[in-house]
Amino acid sequence: MWGAKYCVTFINSITMSRIGRNPIQVPKGVTVTYNESDHKVSVKGPKGELHQALDPDFKIKQENEEVLVQRPSEQKRHKAMHGLYRALIANMVTGVNTGYKHQLELVGVGFKASAQGNVLDLSVGYSHNIFFVVPPELKVQAITEKGSNPTIILEGIDKQLIGHVAAKIKSLRKVEPYKGKGIRFSGEYVRRKAGKAASK
């Protein structure tokens, strides 16, 4: 009998293999080039340019307005990497064409946020302010409107980078489950606990 771990790995490799076979649609204004000498894919569009190194065994094929990632064999490792590379390149195409945006809210009495250049100044209930330096590849805004929670908006073309930075900012004040205070993604559902008083 197959072990549970083997079954999960096998299913994941099949899923990623199916993803890898899907062609990537390249919109107008976006160019995808593959340099075989250093095995790097470059994607250029109206919002910027991104690069991604590939395993030397993989090839990139372009047909009209589509890009295909080709794997060398049916090995489990190649199947898994096939889907990974396809997803990375698709994210790059979307990033240089339309970009990515993450929005976070500061929920709590007296919580504040301001941005000067790429430095965020956060007041989130500690005895001191937190200064967070956002990478120059991203654009950051801090908005405070009357009657609404302070909001941080991150914009950029690199999906991995913007996701990592947003998660890092969120971790500076994790949402507590009783009053819901903390930094959260806009629209995020927070499961609240009743607390001791409600149980009496």
# chains A, B, ... in the order shown; residues from 1 in each chain; ligands from 1

call {"tool": "residues_around", "arguments": {"residues": "region 51-61 of chain A", "least_positions_apart": "2", "cutoff": "10 Å", "atoms": "only C-alpha atoms", "output": "number ranges by chain"}}
result
A: 23, 32-44, 49, 63, 66-73, 78, 81-82, 85-86, 88-89, 92, 158

call {"tool": "write_last_selection", "arguments": {"atoms": "N, CA and C atoms", "output": "short mmCIF file (atom, residue, chain, number, x, y, z; two decimals), in the first residue's frame"}}
result
data_model
loop_
_atom_site.label_atom_id
_atom_site.label_comp_id
_atom_site.auth_asym_id
_atom_site.auth_seq_id
_atom_site.Cartn_x
_atom_site.Cartn_y
_atom_site.Cartn_z
N PRO A 23 -0.74 26.79 -21.82
CA PRO A 23 0.01 27.90 -22.42
C PRO A 23 -0.22 29.20 -21.67
N VAL A 32 8.29 38.37 -24.00
CA VAL A 32 8.94 37.31 -23.21
C VAL A 32 10.13 36.79 -24.01
N THR A 33 11.31 36.87 -23.44
CA THR A 33 12.52 36.38 -24.12
C THR A 33 13.24 35.38 -23.22
N TYR A 34 13.85 34.37 -23.85
CA TYR A 34 14.58 33.34 -23.11
C TYR A 34 16.01 33.31 -23.59
N ASN A 35 16.94 33.51 -22.67
CA ASN A 35 18.37 33.48 -22.99
C ASN A 35 18.92 32.09 -22.67
N GLU A 36 19.27 31.33 -23.69
CA GLU A 36 19.73 29.96 -23.46
C GLU A 36 21.11 29.89 -22.84
N SER A 37 21.89 30.96 -22.96
CA SER A 37 23.25 30.92 -22.40
C SER A 37 23.25 30.93 -20.87
N ASP A 38 22.37 31.73 -20.27
CA ASP A 38 22.30 31.77 -18.81
C ASP A 38 20.99 31.21 -18.27
N HIS A 39 20.15 30.68 -19.18
CA HIS A 39 18.88 30.02 -18.80
C HIS A 39 17.98 30.94 -17.99
N LYS A 40 17.81 32.16 -18.48
CA LYS A 40 16.97 33.14 -17.81
C LYS A 40 15.83 33.59 -18.72
N VAL A 41 14.65 33.73 -18.12
CA VAL A 41 13.50 34.28 -18.83
C VAL A 41 13.36 35.74 -18.42
N SER A 42 13.19 36.61 -19.41
CA SER A 42 12.97 38.03 -19.15
C SER A 42 11.59 38.42 -19.68
N VAL A 43 10.83 39.09 -18.84
CA VAL A 43 9.49 39.54 -19.23
C VAL A 43 9.45 41.04 -19.08
N LYS A 44 9.12 41.73 -20.18
CA LYS A 44 9.11 43.18 -20.18
C LYS A 44 7.74 43.69 -20.59
N GLU A 49 10.22 45.38 -15.85
CA GLU A 49 10.85 44.17 -16.37
C GLU A 49 11.22 43.24 -15.21
N GLU A 63 4.83 30.67 -29.43
CA GLU A 63 3.99 30.49 -30.62
C GLU A 63 2.95 31.61 -30.64
N GLU A 66 1.46 33.17 -27.41
CA GLU A 66 1.47 32.20 -26.32
C GLU A 66 2.90 31.74 -26.03
N VAL A 67 3.14 31.41 -24.77
CA VAL A 67 4.44 30.88 -24.33
C VAL A 67 4.19 29.53 -23.68
N LEU A 68 5.00 28.54 -24.06
CA LEU A 68 4.89 27.20 -23.50
C LEU A 68 6.18 26.84 -22.78
N VAL A 69 6.04 26.24 -21.60
CA VAL A 69 7.19 25.73 -20.86
C VAL A 69 7.27 24.24 -21.14
N GLN A 70 8.42 23.78 -21.62
CA GLN A 70 8.58 22.37 -22.00
C GLN A 70 9.51 21.66 -21.03
N ARG A 71 9.06 20.52 -20.51
CA ARG A 71 9.89 19.75 -19.58
C ARG A 71 10.61 18.63 -20.32
N PRO A 72 11.77 18.22 -19.81
CA PRO A 72 12.57 17.24 -20.54
C PRO A 72 12.12 15.80 -20.38
N SER A 73 11.43 15.45 -19.27
CA SER A 73 11.07 14.06 -19.03
C SER A 73 9.81 13.99 -18.17
N HIS A 78 10.67 16.77 -12.47
CA HIS A 78 10.43 17.62 -13.64
C HIS A 78 8.97 18.02 -13.74
N MET A 81 8.41 20.83 -11.13
CA MET A 81 9.05 22.08 -11.54
C MET A 81 8.38 22.67 -12.76
N HIS A 82 7.78 21.80 -13.59
CA HIS A 82 7.09 22.26 -14.79
C HIS A 82 5.97 23.23 -14.41
N TYR A 85 7.44 26.61 -12.76
CA TYR A 85 7.97 27.58 -13.71
C TYR A 85 6.87 28.25 -14.52
N ARG A 86 5.87 27.45 -14.89
CA ARG A 86 4.75 28.01 -15.66
C ARG A 86 4.04 29.08 -14.83
N LEU A 88 5.28 30.83 -12.26
CA LEU A 88 6.15 31.99 -12.05
C LEU A 88 6.16 32.92 -13.26
N ILE A 89 6.25 32.32 -14.46
CA ILE A 89 6.29 33.14 -15.67
C ILE A 89 4.94 33.83 -15.89
N MET A 92 4.77 36.76 -13.71
CA MET A 92 5.61 37.84 -14.24
C MET A 92 4.89 38.60 -15.34
N ASP A 158 6.29 42.50 -8.81
CA ASP A 158 6.80 41.20 -8.39
C ASP A 158 5.84 40.60 -7.36
#

call {"tool": "closest_residue", "arguments": {"among": "A:Phe111, A:Gln25, A:Ser148, A:Leu50", "to": "His128 (chain A)", "atoms": "only C-alpha atoms"}}
result
A:Phe111

call {"tool": "residues_around", "arguments": {"residues": "Glu137 (chain A)", "least_positions_apart": "2", "cutoff": "10 Å", "atoms": "only C-alpha atoms", "output": "ChimeraX atom specification"}}
result
/A:118,134-135,139-140,155-158,161-162

call {"tool": "closest_atom_pairs", "arguments": {"of": "region 18-135 of chain A", "to": "region 170-185 of chain A", "cutoff": "12 Å", "atoms": "only C-alpha atoms", "output": "CSV"}}
result
residue,atom,partner,partner_atom,distance
A:Lys101,CA,A:Phe185,CA,11.3
A:His102,CA,A:Phe185,CA,7.6
A:Gln103,CA,A:Phe185,CA,6.0
A:Leu104,CA,A:Phe185,CA,4.3
A:Glu105,CA,A:Arg184,CA,5.4
A:Leu106,CA,A:Ile183,CA,4.7
A:Val107,CA,A:Lys181,CA,5.1
A:Gly108,CA,A:Lys181,CA,4.9
A:Val109,CA,A:Lys181,CA,8.4
A:Gly110,CA,A:Lys181,CA,10.8
A:Phe111,CA,A:Gly182,CA,8.7
A:Lys112,CA,A:Ile183,CA,10.8
A:Ala113,CA,A:Ile183,CA,10.8
A:Leu120,CA,A:Leu172,CA,11.9
A:Asp121,CA,A:Leu172,CA,11.9
A:Leu122,CA,A:Leu172,CA,9.3
A:Ser123,CA,A:Arg173,CA,10.0
A:Val124,CA,A:Arg173,CA,6.9
A:Gly125,CA,A:Arg173,CA,8.6
A:Tyr126,CA,A:Arg173,CA,9.2
A:Asn129,CA,A:Leu172,CA,11.0
A:Ile130,CA,A:Leu172,CA,8.4
A:Phe131,CA,A:Leu172,CA,10.4
A:Phe132,CA,A:Leu172,CA,9.4

call {"tool": "write_last_selection", "arguments": {"atoms": "N, CA, C and O atoms", "output": "JSON list (two decimals), in the first residue's frame"}}
result
[["chain", "number", "residue", "atom", "x", "y", "z"],
["A", 101, "LYS", "N", -1.43, 44.52, -6.22],
["A", 101, "LYS", "CA", -1.73, 45.45, -5.12],
["A", 101, "LYS", "C", -2.18, 44.67, -3.90],
["A", 101, "LYS", "O", -2.98, 43.74, -4.00],
["A", 102, "HIS", "N", -1.64, 45.05, -2.73],
["A", 102, "HIS", "CA", -2.09, 44.49, -1.45],
["A", 102, "HIS", "C", -2.50, 45.65, -0.55],
["A", 102, "HIS", "O", -1.82, 46.67, -0.49],
["A", 103, "GLN", "N", -3.61, 45.46, 0.14],
["A", 103, "GLN", "CA", -4.13, 46.50, 1.02],
["A", 103, "GLN", "C", -4.30, 45.93, 2.43],
["A", 103, "GLN", "O", -4.90, 44.88, 2.61],
["A", 104, "LEU", "N", -3.74, 46.64, 3.42],
["A", 104, "LEU", "CA", -3.82, 46.20, 4.81],
["A", 104, "LEU", "C", -4.51, 47.27, 5.66],
["A", 104, "LEU", "O", -4.38, 48.46, 5.37],
["A", 105, "GLU", "N", -5.21, 46.83, 6.68],
["A", 105, "GLU", "CA", -5.91, 47.74, 7.59],
["A", 105, "GLU", "C", -5.32, 47.63, 8.99],
["A", 105, "GLU", "O", -4.96, 46.53, 9.44],
["A", 106, "LEU", "N", -5.24, 48.77, 9.68],
["A", 106, "LEU", "CA", -4.81, 48.80, 11.07],
["A", 106, "LEU", "C", -6.05, 48.95, 11.94],
["A", 106, "LEU", "O", -6.73, 49.99, 11.89],
["A", 107, "VAL", "N", -6.37, 47.91, 12.69],
["A", 107, "VAL", "CA", -7.58, 47.91, 13.52],
["A", 107, "VAL", "C", -7.19, 48.01, 14.98],
["A", 107, "VAL", "O", -6.56, 47.11, 15.54],
["A", 108, "GLY", "N", -7.53, 49.12, 15.61],
["A", 108, "GLY", "CA", -7.22, 49.31, 17.02],
["A", 108, "GLY", "C", -7.27, 50.78, 17.39],
["A", 108, "GLY", "O", -6.97, 51.64, 16.55],
["A", 109, "VAL", "N", -7.64, 51.08, 18.63],
["A", 109, "VAL", "CA", -7.74, 52.47, 19.08],
["A", 109, "VAL", "C", -6.34, 53.10, 19.10],
["A", 109, "VAL", "O", -5.40, 52.55, 19.69],
["A", 110, "GLY", "N", -6.20, 54.23, 18.42],
["A", 110, "GLY", "CA", -4.93, 54.93, 18.39],
["A", 110, "GLY", "C", -3.93, 54.40, 17.39],
["A", 110, "GLY", "O", -2.82, 54.91, 17.29],
["A", 111, "PHE", "N", -4.30, 53.37, 16.62],
["A", 111, "PHE", "CA", -3.39, 52.83, 15.61],
["A", 111, "PHE", "C", -3.25, 53.83, 14.47],
["A", 111, "PHE", "O", -4.24, 54.36, 13.97],
["A", 112, "LYS", "N", -2.01, 54.08, 14.05],
["A", 112, "LYS", "CA", -1.75, 55.04, 12.98],
["A", 112, "LYS", "C", -0.68, 54.52, 12.04],
["A", 112, "LYS", "O", 0.15, 53.69, 12.42],
["A", 113, "ALA", "N", -0.69, 55.06, 10.82],
["A", 113, "ALA", "CA", 0.33, 54.71, 9.83],
["A", 113, "ALA", "C", 0.60, 55.92, 8.95],
["A", 113, "ALA", "O", -0.32, 56.64, 8.56],
["A", 120, "LEU", "N", 7.76, 53.21, 6.30],
["A", 120, "LEU", "CA", 6.48, 53.22, 7.00],
["A", 120, "LEU", "C", 6.70, 53.51, 8.48],
["A", 120, "LEU", "O", 7.57, 52.90, 9.12],
["A", 121, "ASP", "N", 5.92, 54.42, 9.02],
["A", 121, "ASP", "CA", 5.94, 54.73, 10.44],
["A", 121, "ASP", "C", 4.64, 54.21, 11.04],
["A", 121, "ASP", "O", 3.56, 54.73, 10.74],
["A", 122, "LEU", "N", 4.75, 53.18, 11.86],
["A", 122, "LEU", "CA", 3.56, 52.51, 12.39],
["A", 122, "LEU", "C", 3.44, 52.69, 13.89],
["A", 122, "LEU", "O", 4.41, 52.46, 14.64],
["A", 123, "SER", "N", 2.26, 53.10, 14.32],
["A", 123, "SER", "CA", 1.94, 53.16, 15.74],
["A", 123, "SER", "C", 0.82, 52.15, 15.96],
["A", 123, "SER", "O", -0.33, 52.39, 15.58],
["A", 124, "VAL", "N", 1.18, 50.99, 16.52],
["A", 124, "VAL", "CA", 0.22, 49.88, 16.62],
["A", 124, "VAL", "C", 0.11, 49.34, 18.04],
["A", 124, "VAL", "O", 0.06, 48.12, 18.25],
["A", 125, "GLY", "N", 0.10, 50.24, 19.02],
["A", 125, "GLY", "CA", -0.17, 49.82, 20.39],
["A", 125, "GLY", "C", 1.03, 49.47, 21.23],
["A", 125, "GLY", "O", 0.88, 49.09, 22.40],
["A", 126, "TYR", "N", 2.23, 49.60, 20.69],
["A", 126, "TYR", "CA", 3.43, 49.35, 21.48],
["A", 126, "TYR", "C", 3.89, 50.66, 22.13],
["A", 126, "TYR", "O", 3.38, 51.74, 21.83],
["A", 129, "ASN", "N", 7.12, 53.53, 18.29],
["A", 129, "ASN", "CA", 6.71, 53.38, 16.90],
["A", 129, "ASN", "C", 7.63, 52.38, 16.18],
["A", 129, "ASN", "O", 8.79, 52.21, 16.55],
["A", 130, "ILE", "N", 7.08, 51.75, 15.16],
["A", 130, "ILE", "CA", 7.86, 50.81, 14.34],
["A", 130, "ILE", "C", 8.12, 51.46, 12.99],
["A", 130, "ILE", "O", 7.19, 51.93, 12.33],
["A", 131, "PHE", "N", 9.39, 51.49, 12.60],
["A", 131, "PHE", "CA", 9.76, 52.02, 11.29],
["A", 131, "PHE", "C", 10.12, 50.84, 10.40],
["A", 131, "PHE", "O", 11.06, 50.10, 10.69],
["A", 132, "PHE", "N", 9.37, 50.69, 9.32],
["A", 132, "PHE", "CA", 9.56, 49.56, 8.41],
["A", 132, "PHE", "C", 9.96, 50.08, 7.05],
["A", 132, "PHE", "O", 9.25, 50.88, 6.44]]

call {"tool": "select_by_dssp", "arguments": {"residues": "region 5-185 of chain A", "states": "alpha helix (DSSP H)", "output": "PyMOL selection string"}}
result
chain A and resi 5-21+76-97+159-171

call {"tool": "select_by_dssp", "arguments": {"residues": "region 1-199 of chain A", "states": "strand (DSSP E or B)", "output": "number ranges by chain"}}
result
A: 24-25, 31-35, 40-45, 48-53, 59-63, 66-70, 100-107, 112-116, 119-123, 130-133, 139-143, 151-156, 182-185

call {"tool": "closest_residue", "arguments": {"among": "A:Val133, A:Ile19, A:Ala115, A:His164", "to": "Ile152 (chain A)", "atoms": "only C-alpha atoms"}}
result
A:Ala115

call {"tool": "atom_distance", "arguments": {"atom1": "CA of Gly187 (chain A)", "atom2": "CA of Gly163 (chain A)"}}
result
15.9 Å
